[in-house]
Amino acid sequence: MTEDSFRSVEIERTSLGNYVVRNSRGGSVSLGAGEDASFTPVELLLAAIGGCTAVDVDHITSRRAEPTKFAVAVTGDKVRDEAGGNRMRNLRVEFTVTFPEGADGDQAREALPRSLQQSHDRLCTVSRTVELGTPVSIVDTAEPPAPDPR
């Protein structure tokens, strides 16, 4: 792995069931259990899937014309599977993108289906990771408590 391949976020507990996620560039987002307006982890997963493809598609099509509308809806079903574990299924990313009339808009409209396919097949790290499946390691790095000096 190279230095520029490494990605990370840090999550800090702010109260029971509430956290703040921070990236190395100073960005932050609230994360919670769904009891307030904060995003849940599942909502952030959906946002990551849709957002990853949105960035790809936007960069490709906007070279031709600025969209007049660019909206993405990401849906799925949270289920308990046969093994008793929670997971998502029926993941769907729906794009509603329109471009202005004219030659530039025509070029952008023509590029849209191809850009969606390129993102899905090779560009979007998030959806490709979900689809291909990648092992996740959960590690406790806390130091053990100091022995009682008595």
# chains A, B, ... in the order shown; residues from 1 in each chain; ligands from 1
>>> closest_atom_pairs(of="stretch 49-94 of chain A", to="stretch 109-129 of chain A", cutoff="7 Å", atoms="only C-alpha atoms", output="CSV")
residue,atom,partner,partner_atom,distance
A:Ile49,CA,A:Ser127,CA,5.3
A:Cys52,CA,A:Cys124,CA,5.6
A:Thr53,CA,A:Ser119,CA,5.7
A:Asp56,CA,A:Ser119,CA,6.1
A:Val57,CA,A:Ser115,CA,5.4
A:Ile60,CA,A:Ser115,CA,6.5
A:Thr61,CA,A:Ala111,CA,6.1
>>> select_by_dssp(residues="stretch 1-147 of chain A", states="alpha helix (DSSP H)", output="compact mmCIF listing (two decimals) with C-alpha atoms, in the first residue's frame")
# COMPACT_ATOMS: atom_id res chain seq x y z
CA PRO A 41 -24.42 4.18 10.19
CA VAL A 42 -26.76 2.58 7.61
CA GLU A 43 -27.74 6.00 6.25
CA LEU A 44 -24.06 6.89 5.94
CA LEU A 45 -23.47 3.64 4.05
CA LEU A 46 -26.28 4.54 1.64
CA ALA A 47 -24.89 8.06 1.32
CA ALA A 48 -21.41 6.70 0.62
CA ILE A 49 -22.68 4.38 -2.11
CA GLY A 50 -24.72 7.09 -3.81
CA GLY A 51 -22.23 9.85 -3.19
CA CYS A 52 -19.35 7.90 -4.67
CA THR A 53 -21.19 7.32 -7.92
CA ALA A 54 -22.54 10.89 -7.90
CA VAL A 55 -19.02 12.31 -7.77
CA ASP A 56 -17.91 10.10 -10.66
CA VAL A 57 -20.94 10.87 -12.83
CA ASP A 58 -20.84 14.59 -12.05
CA HIS A 59 -17.18 14.91 -13.04
CA ILE A 60 -17.71 13.05 -16.31
CA THR A 61 -20.95 14.69 -17.45
CA ALA A 103 -25.37 20.54 -28.28
CA ASP A 104 -23.53 20.57 -24.92
CA GLY A 105 -26.59 19.21 -23.13
CA ASP A 106 -26.95 16.54 -25.80
CA GLN A 107 -23.33 15.48 -25.24
CA ALA A 108 -23.88 15.30 -21.48
CA ARG A 109 -27.08 13.26 -21.91
CA GLU A 110 -25.22 10.90 -24.21
CA ALA A 111 -22.39 10.50 -21.66
CA LEU A 112 -24.73 9.84 -18.71
CA PRO A 113 -25.46 6.12 -19.21
CA ARG A 114 -21.81 5.36 -19.92
CA SER A 115 -20.67 7.33 -16.85
CA LEU A 116 -23.14 5.45 -14.63
CA GLN A 117 -21.80 2.14 -15.95
CA GLN A 118 -18.15 3.19 -15.58
CA THR A 125 -14.62 2.38 -4.60
CA VAL A 126 -17.56 2.20 -2.20
CA SER A 127 -20.10 0.23 -4.24
CA ARG A 128 -17.38 -2.03 -5.68
CA THR A 129 -16.17 -2.82 -2.15
CA VAL A 130 -19.72 -3.63 -1.04
CA GLU A 131 -20.42 -5.79 -4.08
CA LEU A 132 -17.12 -7.66 -4.04
>>> closest_residue(among="A:Asn86, A:Ser38, A:Ser62, A:Ser24", to="A:Phe99", atoms="only C-alpha atoms")
A:Ser62
>>> atom_distance(atom1="atom CA of A:Ala71", atom2="atom CA of A:Leu91")
16.7 Å
>>> closest_residue(among="A:Pro149, A:Gly76, A:Gly26, A:Pro135", to="A:Met88", atoms="only C-alpha atoms")
A:Gly76
>>> select_by_dssp(residues="stretch 1-127 of chain A", states="strand (DSSP E)", output="JSON, numbers by chain")
{"A": [10, 11, 12, 13, 14, 15, 18, 19, 20, 21, 22, 28, 29, 30, 31, 32, 69, 70, 71, 72, 73, 74, 75, 76, 77, 78, 79, 80, 86, 87, 88, 89, 90, 91, 92, 93, 94, 95, 96, 97, 98]}
>>> residues_around(residues="A:Gly27", least_positions_apart="6", cutoff="12 Å", atoms="only C-alpha atoms", output="PyMOL selection string")
chain A and resi 9-11+20-21
>>> atom_distance(atom1="atom CA of A:Ala33", atom2="atom CA of A:Glu94")
25.6 Å
>>> atom_distance(atom1="atom CA of A:Gly85", atom2="atom CA of A:Gly17")
20.3 Å
